[in-house]
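The file start35.cif contains mmCIF, C-alpha atoms and all ligand atoms:
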```
data_run
#
loop_
_atom_site.label_atom_id
_atom_site.label_comp_id
_atom_site.auth_asym_id
_atom_site.auth_seq_id
_atom_site.Cartn_x
_atom_site.Cartn_y
_atom_site.Cartn_z
CA MET P 151 0.00 0.00 0.00
CA GLU P 152 1.24 3.50 -0.80
CA ASN P 153 1.90 5.68 2.24
CA PRO P 154 2.94 9.06 0.79
CA LYS P 155 2.66 10.88 4.12
CA ASN P 156 4.84 8.26 5.86
CA ILE P 157 2.27 7.65 8.57
CA SER P 158 3.26 5.19 11.28
CA LEU P 159 1.00 4.19 14.16
CA LYS P 160 3.46 1.64 15.56
CA GLY P 161 3.05 1.16 19.30
CA ARG P 162 -0.03 3.43 19.54
CA SER P 163 -3.22 2.56 21.37
CA PHE P 164 -6.63 3.10 19.78
CA LEU P 165 -8.87 4.44 22.55
CA THR P 166 -10.86 7.23 20.90
CA LEU P 167 -10.73 8.94 17.51
CA LYS P 168 -9.95 12.19 19.38
CA ASP P 169 -6.33 10.95 19.51
CA PHE P 170 -6.00 10.59 15.71
CA THR P 171 -5.56 13.12 12.91
CA ALA P 172 -7.55 13.00 9.69
CA ASP P 173 -4.45 11.69 7.87
CA GLU P 174 -4.03 8.89 10.41
CA ILE P 175 -7.71 7.90 10.15
CA GLN P 176 -7.44 7.93 6.34
CA TYR P 177 -4.31 5.76 6.57
CA LEU P 178 -6.23 3.16 8.62
CA LEU P 179 -9.09 3.22 6.09
CA ASP P 180 -6.69 2.78 3.16
CA LEU P 181 -4.89 -0.05 4.95
CA ALA P 182 -8.24 -1.74 5.67
CA ALA P 183 -9.28 -1.44 2.00
CA ASP P 184 -5.94 -2.95 0.99
CA LEU P 185 -6.23 -5.85 3.46
CA LYS P 186 -9.82 -6.43 2.33
CA ALA P 187 -8.84 -6.55 -1.36
CA LYS P 188 -6.05 -9.02 -0.53
CA LYS P 189 -8.33 -11.24 1.54
CA LYS P 190 -10.82 -11.35 -1.38
CA GLN P 191 -7.96 -12.75 -3.49
CA GLY P 192 -7.22 -15.34 -0.80
CA ILE P 193 -4.11 -13.50 0.39
CA THR P 194 -3.59 -13.15 4.13
CA GLY P 195 -0.43 -12.00 5.91
CA ASN P 196 2.01 -12.74 8.66
CA SER P 197 2.42 -9.31 10.16
CA LEU P 198 1.15 -10.43 13.60
CA LYS P 199 3.22 -13.63 13.68
CA GLY P 200 4.35 -14.37 17.23
CA LYS P 201 1.98 -11.75 18.71
CA ASN P 202 -0.37 -12.79 21.50
CA ILE P 203 -3.50 -10.70 21.77
CA ALA P 204 -5.84 -10.52 24.79
CA LEU P 205 -9.52 -9.93 24.06
CA ILE P 206 -11.25 -8.68 27.22
CA PHE P 207 -15.04 -8.58 27.07
CA GLU P 208 -17.10 -7.24 29.99
CA LYS P 209 -20.08 -6.87 27.62
CA PRO P 210 -21.26 -9.34 24.96
CA SER P 211 -20.31 -9.06 21.29
CA THR P 212 -20.83 -10.78 17.96
CA ARG P 213 -19.04 -8.59 15.42
CA THR P 214 -16.22 -7.10 17.49
CA ARG P 215 -15.13 -10.36 19.07
CA SER P 216 -15.28 -12.20 15.74
CA SER P 217 -13.40 -9.42 13.97
CA PHE P 218 -10.53 -9.30 16.46
CA THR P 219 -10.31 -13.10 16.45
CA VAL P 220 -10.34 -13.59 12.68
CA GLY P 221 -8.32 -10.44 12.01
CA ALA P 222 -5.55 -11.60 14.36
CA ILE P 223 -5.48 -15.16 13.02
CA ASP P 224 -5.48 -13.99 9.38
CA GLU P 225 -2.24 -12.14 10.14
CA GLY P 226 -0.61 -15.00 12.04
CA GLY P 227 -1.38 -13.75 15.58
CA HIS P 228 -2.87 -15.63 18.52
CA PRO P 229 -6.03 -14.16 20.10
CA GLU P 230 -7.13 -15.21 23.59
CA TYR P 231 -10.69 -14.47 24.75
CA LEU P 232 -10.95 -13.30 28.38
CA GLY P 233 -14.62 -12.97 29.31
CA ARG P 234 -16.17 -11.10 32.20
CA ASP P 235 -16.22 -14.10 34.53
CA ASP P 236 -12.85 -15.46 33.42
CA ILE P 237 -10.56 -12.81 34.87
CA GLN P 238 -10.22 -10.67 37.99
CA LEU P 239 -10.26 -7.27 36.27
CA GLY P 240 -11.51 -4.73 38.78
CA HIS P 241 -13.00 -7.39 41.10
CA LYS P 242 -10.23 -9.01 43.09
CA GLU P 243 -7.36 -6.89 41.81
CA THR P 244 -7.15 -3.37 40.48
CA VAL P 245 -7.40 -2.60 36.77
CA GLU P 246 -3.86 -1.24 37.01
CA ASP P 247 -2.50 -4.57 38.30
CA THR P 248 -4.37 -6.61 35.69
CA ALA P 249 -2.95 -4.24 33.06
CA ARG P 250 0.60 -4.71 34.37
CA VAL P 251 0.24 -8.51 34.26
CA LEU P 252 -1.39 -8.70 30.83
CA GLY P 253 1.23 -6.31 29.45
CA ARG P 254 3.94 -8.78 30.52
CA ILE P 255 2.21 -11.71 28.83
CA PHE P 256 0.45 -10.25 25.79
CA ASP P 257 1.61 -8.00 22.96
CA GLY P 258 -1.72 -6.21 22.48
CA ILE P 259 -5.01 -5.93 24.38
CA GLU P 260 -8.56 -5.34 23.18
CA PHE P 261 -11.09 -4.14 25.78
CA ARG P 262 -14.88 -3.97 25.53
CA GLY P 263 -16.73 -2.86 28.62
CA PHE P 264 -18.34 -0.13 30.60
CA LYS P 265 -15.96 2.65 31.59
CA GLN P 266 -13.74 4.54 29.18
CA GLU P 267 -11.48 5.04 32.21
CA THR P 268 -10.80 1.27 32.26
CA VAL P 269 -9.52 1.10 28.69
CA GLU P 270 -7.40 4.19 29.36
CA LYS P 271 -5.90 2.62 32.48
CA LEU P 272 -5.18 -0.59 30.56
CA ALA P 273 -3.25 1.43 28.00
CA LYS P 274 -1.40 3.44 30.63
CA TYR P 275 -0.30 0.51 32.79
CA SER P 276 0.14 -2.38 30.33
CA GLY P 277 2.76 -0.74 28.13
CA VAL P 278 1.36 -2.46 25.01
CA PRO P 279 -1.11 -1.20 22.37
CA VAL P 280 -4.68 -1.28 23.71
CA TRP P 281 -7.72 -1.13 21.41
CA ASN P 282 -11.16 0.10 22.46
CA GLY P 283 -13.75 -2.46 21.35
CA LEU P 284 -16.59 -0.28 22.82
CA THR P 285 -17.14 1.52 26.09
CA ASP P 286 -20.15 3.44 27.41
CA ASP P 287 -18.66 6.58 25.83
CA TYR P 288 -17.05 5.56 22.54
CA HIS P 289 -16.95 2.88 19.83
CA PRO P 290 -14.07 4.02 17.61
CA THR P 291 -13.41 0.81 15.63
CA GLN P 292 -17.04 0.87 14.47
CA ILE P 293 -16.50 4.29 12.89
CA LEU P 294 -13.66 2.94 10.75
CA ALA P 295 -15.99 0.24 9.39
CA ASP P 296 -18.72 2.83 8.80
CA PHE P 297 -16.38 5.19 6.98
CA LEU P 298 -14.89 2.39 4.85
CA THR P 299 -18.46 1.47 3.86
CA ILE P 300 -19.31 5.11 3.03
CA MET P 301 -16.16 5.33 0.89
CA GLU P 302 -17.16 2.16 -0.93
CA GLN P 303 -20.64 3.57 -1.54
CA PHE P 304 -19.79 7.18 -2.44
CA GLY P 305 -16.04 7.19 -3.21
CA HIS P 306 -15.26 9.85 -0.58
CA LEU P 307 -16.10 11.10 2.92
CA LYS P 308 -15.77 14.88 2.73
CA GLY P 309 -19.12 16.64 2.45
CA ILE P 310 -21.21 13.48 2.88
CA LYS P 311 -24.36 14.31 4.82
CA LEU P 312 -24.63 11.70 7.58
CA VAL P 313 -27.62 11.85 9.94
CA PHE P 314 -27.54 9.76 13.11
CA VAL P 315 -31.09 9.21 14.36
CA GLY P 316 -31.88 7.94 17.87
CA ASP P 317 -30.03 8.05 21.19
CA GLY P 318 -27.87 11.07 20.45
CA ARG P 319 -25.75 10.71 23.58
CA ASN P 320 -24.59 7.12 23.25
CA ASN P 321 -21.20 5.71 22.25
CA MET P 322 -22.15 5.56 18.55
CA ALA P 323 -23.44 9.12 18.35
CA ASN P 324 -20.35 10.39 20.18
CA SER P 325 -17.87 8.50 18.02
CA LEU P 326 -19.62 9.25 14.72
CA MET P 327 -19.60 12.94 15.66
CA ILE P 328 -15.87 12.89 16.45
CA GLY P 329 -15.02 10.92 13.29
CA SER P 330 -17.21 13.12 11.09
CA ALA P 331 -15.77 16.30 12.58
CA LYS P 332 -12.22 15.07 11.89
CA MET P 333 -12.97 13.87 8.35
CA GLY P 334 -15.07 16.80 7.10
CA LEU P 335 -18.56 15.31 6.91
CA ASP P 336 -21.84 17.20 7.25
CA PHE P 337 -22.98 15.42 10.42
CA CYS P 338 -26.34 15.73 12.17
CA ILE P 339 -27.71 14.16 15.29
CA LEU P 340 -31.50 13.87 15.15
CA ALA P 341 -32.80 13.11 18.64
CA PRO P 342 -35.23 14.41 21.26
CA LYS P 343 -33.65 17.07 23.50
CA GLU P 344 -33.45 14.61 26.42
CA LEU P 345 -30.98 12.55 24.40
CA TRP P 346 -28.72 15.22 22.96
CA PRO P 347 -24.97 14.77 23.26
CA GLY P 348 -22.92 16.55 25.95
CA GLU P 349 -22.16 20.20 25.19
CA GLU P 350 -18.46 19.73 25.88
CA LEU P 351 -18.10 17.08 23.17
CA VAL P 352 -20.15 19.12 20.67
CA ASN P 353 -17.88 22.11 21.32
CA LEU P 354 -14.77 19.98 20.84
CA CYS P 355 -16.15 18.59 17.57
CA ASN P 356 -16.92 22.12 16.39
CA GLU P 357 -13.24 22.92 16.98
CA TYR P 358 -12.20 19.92 14.83
CA ALA P 359 -14.73 21.05 12.23
CA LYS P 360 -12.99 24.41 11.81
CA GLU P 361 -9.95 22.55 10.49
CA SER P 362 -11.72 19.91 8.38
CA GLY P 363 -14.64 21.92 7.00
CA ALA P 364 -17.12 19.57 8.71
CA LYS P 365 -20.55 20.76 9.83
CA ILE P 366 -22.10 19.60 13.11
CA THR P 367 -25.84 19.95 13.75
CA VAL P 368 -27.93 18.69 16.67
CA SER P 369 -31.69 18.88 16.16
CA ASP P 370 -35.01 17.35 17.15
CA ASP P 371 -36.62 18.35 13.86
CA LEU P 372 -37.23 15.42 11.49
CA ASP P 373 -36.68 17.75 8.52
CA VAL P 374 -32.96 17.76 9.31
CA VAL P 375 -32.78 14.54 7.21
CA LYS P 376 -33.43 16.57 4.04
CA GLY P 377 -30.62 15.92 1.55
CA ALA P 378 -29.02 13.19 3.69
CA ASP P 379 -26.69 10.77 1.92
CA VAL P 380 -26.76 8.38 4.88
CA ILE P 381 -29.36 7.78 7.58
CA TYR P 382 -27.76 5.90 10.47
CA THR P 383 -29.31 4.47 13.61
CA ASP P 384 -28.44 2.30 16.61
CA VAL P 385 -30.33 0.50 19.36
CA TRP P 386 -32.49 2.72 21.58
CA ALA P 387 -31.15 1.18 24.79
CA SER P 388 -27.45 0.35 24.78
CA MET P 389 -25.80 -2.50 26.65
CA GLY P 390 -25.99 -1.73 30.37
CA GLU P 391 -29.09 0.49 29.97
CA GLU P 392 -31.67 -2.25 29.56
CA GLU P 393 -33.81 -0.85 32.39
CA LYS P 394 -34.33 2.29 30.29
CA ALA P 395 -35.92 0.35 27.39
CA ALA P 396 -39.55 1.35 28.08
CA GLU P 397 -38.70 5.05 28.54
CA ARG P 398 -36.64 5.03 25.33
CA ILE P 399 -39.43 3.43 23.30
CA LYS P 400 -41.66 6.32 24.38
CA LEU P 401 -39.06 8.97 23.59
CA LEU P 402 -37.75 7.54 20.35
CA THR P 403 -40.74 6.01 18.56
CA PRO P 404 -41.25 9.27 16.59
CA TYR P 405 -37.64 8.88 15.41
CA GLN P 406 -37.92 5.35 14.03
CA VAL P 407 -36.16 4.88 10.69
CA ASN P 408 -38.97 3.80 8.37
CA SER P 409 -39.99 4.46 4.78
CA ALA P 410 -41.59 7.81 5.73
CA LEU P 411 -38.33 9.08 7.30
CA MET P 412 -36.27 7.81 4.35
CA ALA P 413 -38.67 9.61 1.94
CA ARG P 414 -38.21 12.82 3.93
CA THR P 415 -34.60 13.01 2.68
CA GLY P 416 -36.03 13.96 -0.73
CA LYS P 417 -33.34 11.81 -2.37
CA ASP P 418 -33.57 8.35 -3.96
CA SER P 419 -29.86 7.73 -3.41
CA THR P 420 -29.91 7.92 0.42
CA ILE P 421 -28.56 4.77 2.06
CA PHE P 422 -29.36 3.34 5.48
CA MET P 423 -26.65 2.15 7.89
CA HIS P 424 -26.69 0.45 11.29
CA CYS P 425 -23.79 -0.69 13.48
CA LEU P 426 -25.85 -3.75 14.55
CA PRO P 427 -27.24 -5.51 16.49
CA ALA P 428 -30.57 -4.12 15.24
CA VAL P 429 -33.85 -4.40 17.12
CA ARG P 430 -36.17 -4.64 14.12
CA GLU P 431 -39.42 -2.65 14.42
CA HIS P 432 -37.89 -0.50 17.16
CA GLU P 433 -35.20 1.82 15.80
CA VAL P 434 -35.64 0.54 12.22
CA THR P 435 -38.38 -1.29 10.37
CA THR P 436 -37.71 -4.68 8.82
CA GLU P 437 -38.63 -3.12 5.48
CA ILE P 438 -35.74 -0.65 5.63
CA MET P 439 -33.28 -3.17 7.12
CA ASP P 440 -34.01 -5.60 4.30
CA LYS P 441 -33.97 -2.93 1.60
CA PHE P 442 -30.44 -1.91 2.64
CA SER P 443 -29.16 -5.31 3.72
CA ASP P 444 -26.26 -5.19 1.22
CA VAL P 445 -24.96 -1.98 2.78
CA VAL P 446 -25.61 -3.02 6.39
CA PHE P 447 -23.89 -6.39 6.04
CA ASP P 448 -20.97 -4.91 4.07
CA GLU P 449 -20.66 -2.56 7.04
CA ALA P 450 -20.64 -5.55 9.43
CA GLU P 451 -18.02 -7.36 7.32
CA ASN P 452 -15.94 -4.19 7.26
CA ARG P 453 -15.59 -4.44 11.04
CA MET P 454 -13.16 -7.28 10.42
CA HIS P 455 -11.07 -5.55 7.75
CA THR P 456 -10.82 -2.30 9.72
CA ILE P 457 -10.09 -3.96 13.08
CA LYS P 458 -7.40 -6.01 11.34
CA ALA P 459 -5.96 -2.76 10.00
CA VAL P 460 -5.85 -1.26 13.51
CA MET P 461 -3.96 -4.29 14.86
CA VAL P 462 -1.60 -4.46 11.87
CA ALA P 463 -0.86 -0.70 11.97
CA THR P 464 -0.18 -0.54 15.70
CA LEU P 465 1.36 -3.95 16.37
CA GLY P 466 2.21 -5.60 13.05
CA ASN P 467 5.49 -5.92 11.21
CA ILE P 468 4.75 -3.64 8.29
N1 LIG P 501 -21.39 -3.37 16.13
C1 LIG P 501 -20.87 -4.08 17.14
O1 LIG P 501 -19.99 -3.65 17.88
O2 LIG P 501 -21.37 -5.33 17.27
P1 LIG P 501 -21.10 -6.35 18.46
O3 LIG P 501 -21.73 -5.75 19.70
O4 LIG P 501 -21.77 -7.62 18.04
O5 LIG P 501 -19.62 -6.50 18.63
N1 LIG P 502 -24.87 1.66 21.45
C1 LIG P 502 -24.77 0.23 21.33
C2 LIG P 502 -23.76 -0.13 20.30
C3 LIG P 502 -23.67 -1.61 20.01
C4 LIG P 502 -22.62 -1.92 18.99
C5 LIG P 502 -24.41 -0.36 22.69
O1 LIG P 502 -23.54 0.19 23.37
O2 LIG P 502 -25.01 -1.36 23.06
#
```
Please lay out the structure from this file as structure tokens.
Ligand code: CP
Ligand code: NVA
Amino acid sequence: MENPKNISLKGRSFLTLKDFTADEIQYLLDLAADLKAKKKQGITGNSLKGKNIALIFEKPSTRTRSSFTVGAIDEGGHPEYLGRDDIQLGHKETVEDTARVLGRIFDGIEFRGFKQETVEKLAKYSGVPVWNGLTDDYHPTQILADFLTIMEQFGHLKGIKLVFVGDGRNNMANSLMIGSAKMGLDFCILAPKELWPGEELVNLCNEYAKESGAKITVSDDLDVVKGADVIYTDVWASMGEEEKAAERIKLLTPYQVNSALMARTGKDSTIFMHCLPAVREHEVTTEIMDKFSDVVFDEAENRMHTIKAVMVATLGNI
């Protein structure tokens, strides 16, 4: 792969997109596209040969776990799944001590769980690259898969109008806003006021936007979808918030992605995206899920290629 700007992410952790420049994000997307093209030709690599990778999961996962596992093995690495009840993390010993131990034994660590603080401590005390596989606050690897999919669909990211509809203060909304602000998209959050993102993060993203030419809008007006290239949604109640499900159904039913909302874009070319898992007939109708299944499942597949790129770029011999 060409790397004209000589970008190297060797030894870096991947905790939030805030820590990465637009060039670095583009480099990861280009590397993922390259690894994907190679895999389609039956070519896998050896860049993670001899690397042992810990996969810590406090919360369940289909796509992220599978992507780290297959991505590591495709490149010759060894992934080891450490589930919530398998290890002591934060129960019997401190996160810092677990981090110190895992850093002695493993070459890289993936963490999915509740607190962003935990993944940051793992990175600080393990001394090896740590990758955020989702926390309550952020889901940065998902954004790489989403942006690779948008590039495949539209050929570019800059200026794409991306509207996130639903829980505007969850990990997906936060990370899409950061990624869009860095990469110059026209990004909107469409959500009831109760579920708007934190002001501090919106202000930070507006700062990024000054450099990239991005536009950030937060609105509760359904007409904000007008002209959208992408309508994106996520579950109404995230992992760990299950007790809020009834309240969310009440708040978010007017914001369901259905054929009426898609028509409101005024464009035939608008695509629908979802990070999955999807609760059909809640945040999106089965009709829309099925209509855009090619895009949504490309997006899911792209989790693997992009997560592989993150591991290869930060830990691999390239
Ligand atoms: N999109 C995503 O992170 O899926 P999983 O929860 O299945 O990993
Ligand atoms: N917001 C969702 C994302 C799932 C990939 C959750 O945290 O459950």
Got a sec to check which residues lie within 10 Å of ligand LIG 501 (chain P), using only C-alpha atoms and all ligand atoms, and send them as an MDAnalysis selection string?
chainID P and resid 207 209:218 262 283:284 289:293 295:296 322 384 388:389 424:428 449:450 453
Enclose the full set of atoms of ligand LIG 502 (chain P) listed in the file within a box whose edges lie along x, y and z, apply 4 Å of padding to each of the six sides, and report centre and edge lengths in Å to one decimal as JSON.
```
{"center_x": -23.8, "center_y": -0.1, "center_z": 21.2, "size_x": 10.4, "size_y": 11.6, "size_z": 12.4}
```
Write out as number ranges by chain which residues come within 12 Å of Asp286 of chain P when counting only C-alpha atoms, dropping same-chain ones fewer than 2 positions away.
P: 166, 208-209, 261-269, 282-284, 288-290, 319-325, 387-391
Residues as selected, C-alpha atoms, written as a tab-separated table (two decimals), keeping the file's coordinate frame, can you do that?
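New file again05.tsv:
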```tsv
chain	number	residue	atom	x	y	z
P	166	THR	CA	-10.86	7.23	20.90
P	208	GLU	CA	-17.10	-7.24	29.99
P	209	LYS	CA	-20.08	-6.87	27.62
P	261	PHE	CA	-11.09	-4.14	25.78
P	262	ARG	CA	-14.88	-3.97	25.53
P	263	GLY	CA	-16.73	-2.86	28.62
P	264	PHE	CA	-18.34	-0.13	30.60
P	265	LYS	CA	-15.96	2.65	31.59
P	266	GLN	CA	-13.74	4.54	29.18
P	267	GLU	CA	-11.48	5.04	32.21
P	268	THR	CA	-10.80	1.27	32.26
P	269	VAL	CA	-9.52	1.10	28.69
P	282	ASN	CA	-11.16	0.10	22.46
P	283	GLY	CA	-13.75	-2.46	21.35
P	284	LEU	CA	-16.59	-0.28	22.82
P	288	TYR	CA	-17.05	5.56	22.54
P	289	HIS	CA	-16.95	2.88	19.83
P	290	PRO	CA	-14.07	4.02	17.61
P	319	ARG	CA	-25.75	10.71	23.58
P	320	ASN	CA	-24.59	7.12	23.25
P	321	ASN	CA	-21.20	5.71	22.25
P	322	MET	CA	-22.15	5.56	18.55
P	323	ALA	CA	-23.44	9.12	18.35
P	324	ASN	CA	-20.35	10.39	20.18
P	325	SER	CA	-17.87	8.50	18.02
P	387	ALA	CA	-31.15	1.18	24.79
P	388	SER	CA	-27.45	0.35	24.78
P	389	MET	CA	-25.80	-2.50	26.65
P	390	GLY	CA	-25.99	-1.73	30.37
P	391	GLU	CA	-29.09	0.49	29.97
```
Between atom CA of Asn467 of chain P and atom CA of Leu198 of chain P, what is the distance, to one decimal in Å?
6.7 Å
Distance query Gly377 of chain P at most 9 Å, only C-alpha atoms, self and fewer than 2 positions along chain excluded, as a count of residues only
9
Best match for closeness to ligand LIG 502 (chain P) among P:Ile175, P:Glu433, P:Leu165, P:Leu372, counting all atoms listed in the file
P:Glu433
Would you compute the distance between atom CA of Ser362 of chain P and atom CA of Ile328 of chain P? Give it in Å to one decimal.
11.5 Å
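The nearest approach to Asp173 of chain P among the residues P:Gly240, P:Gly161, P:Gly305, P:Pro154, with only C-alpha atoms taken into account, belongs to P:Pro154.
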At a cut-off of 12 Å, using only C-alpha atoms, what residues contact Asp247 of chain P? Leave out same-chain residues fewer than 2 positions from it and give the result as a ChimeraX atom specification.
/P:238-245,249-254,268,271-276
From the options P:Phe314, P:Phe297, P:Phe304, P:Tyr177, which residue's atoms come nearest to ligand LIG 502 (chain P), counting all atoms listed in the file?
P:Phe314
Quick one: of P:Val446, P:Val385, P:Val407, P:Met461, who's nearest to ligand LIG 502 (chain P), counting all atoms listed in the file?
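Selected residue with least distance to ligand LIG 502 (chain P): P:Val385.
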Pick out the closest residue to ligand LIG 502 (chain P) from this set: P:Leu326, P:Met412, P:Ile259, P:Ile300. Count all atoms listed in the file.
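Closest to ligand LIG 502 (chain P), using all atoms listed in the file: P:Leu326.
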Which value, in Å to one decimal, gives the distance between atom CA of Met423 of chain P and atom CA of Phe442 of chain P?
7.6 Å
Point out the residue among P:Thr171, P:Asn153, P:Thr299, P:Gln191 with the least atom-to-atom distance to Lys332 of chain P, counting all atoms listed in the file.
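Selected residue with least distance to Lys332 of chain P: P:Thr171.
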So that I can see what lies close to Glu357 of chain P, please list as JSON, numbers by chain the residues with an atom at most 10 Å from it, counting all atoms listed in the file and leaving out residues fewer than 6 positions away in the same chain.
{"P": [331, 332, 351, 364]}
Can you list, as a ChimeraX atom specification, every protein, DNA or RNA residue that comes within 9 Å of Val460 of chain P when you count only C-alpha atoms, leaving out same-chain residues fewer than 4 positions away?
/P:159,164,178,181-182,281,291,455-456,464-465
Within 7 Å of segment 226-231 of chain P: each segment 174-219 of chain P residue with its shortest pair, all atoms listed in the file, as JSON lines:
```
{"residue": "P:Gly195", "atom": "CA", "partner": "P:Gly226", "partner_atom": "CA", "distance": 6.8}
{"residue": "P:Asn196", "atom": "CA", "partner": "P:Gly226", "partner_atom": "CA", "distance": 4.8}
{"residue": "P:Ser197", "atom": "CA", "partner": "P:Gly226", "partner_atom": "CA", "distance": 6.7}
{"residue": "P:Leu198", "atom": "CA", "partner": "P:Gly227", "partner_atom": "CA", "distance": 4.6}
{"residue": "P:Lys199", "atom": "CA", "partner": "P:Gly226", "partner_atom": "CA", "distance": 4.4}
{"residue": "P:Gly200", "atom": "CA", "partner": "P:Gly227", "partner_atom": "CA", "distance": 6.0}
{"residue": "P:Lys201", "atom": "CA", "partner": "P:Gly227", "partner_atom": "CA", "distance": 5.0}
{"residue": "P:Asn202", "atom": "CA", "partner": "P:His228", "partner_atom": "CA", "distance": 4.8}
{"residue": "P:Ile203", "atom": "CA", "partner": "P:Pro229", "partner_atom": "CA", "distance": 4.6}
{"residue": "P:Ala204", "atom": "CA", "partner": "P:Glu230", "partner_atom": "CA", "distance": 5.0}
{"residue": "P:Leu205", "atom": "CA", "partner": "P:Tyr231", "partner_atom": "CA", "distance": 4.7}
{"residue": "P:Ile206", "atom": "CA", "partner": "P:Tyr231", "partner_atom": "CA", "distance": 6.3}
{"residue": "P:Thr219", "atom": "CA", "partner": "P:Pro229", "partner_atom": "CA", "distance": 5.7}
```
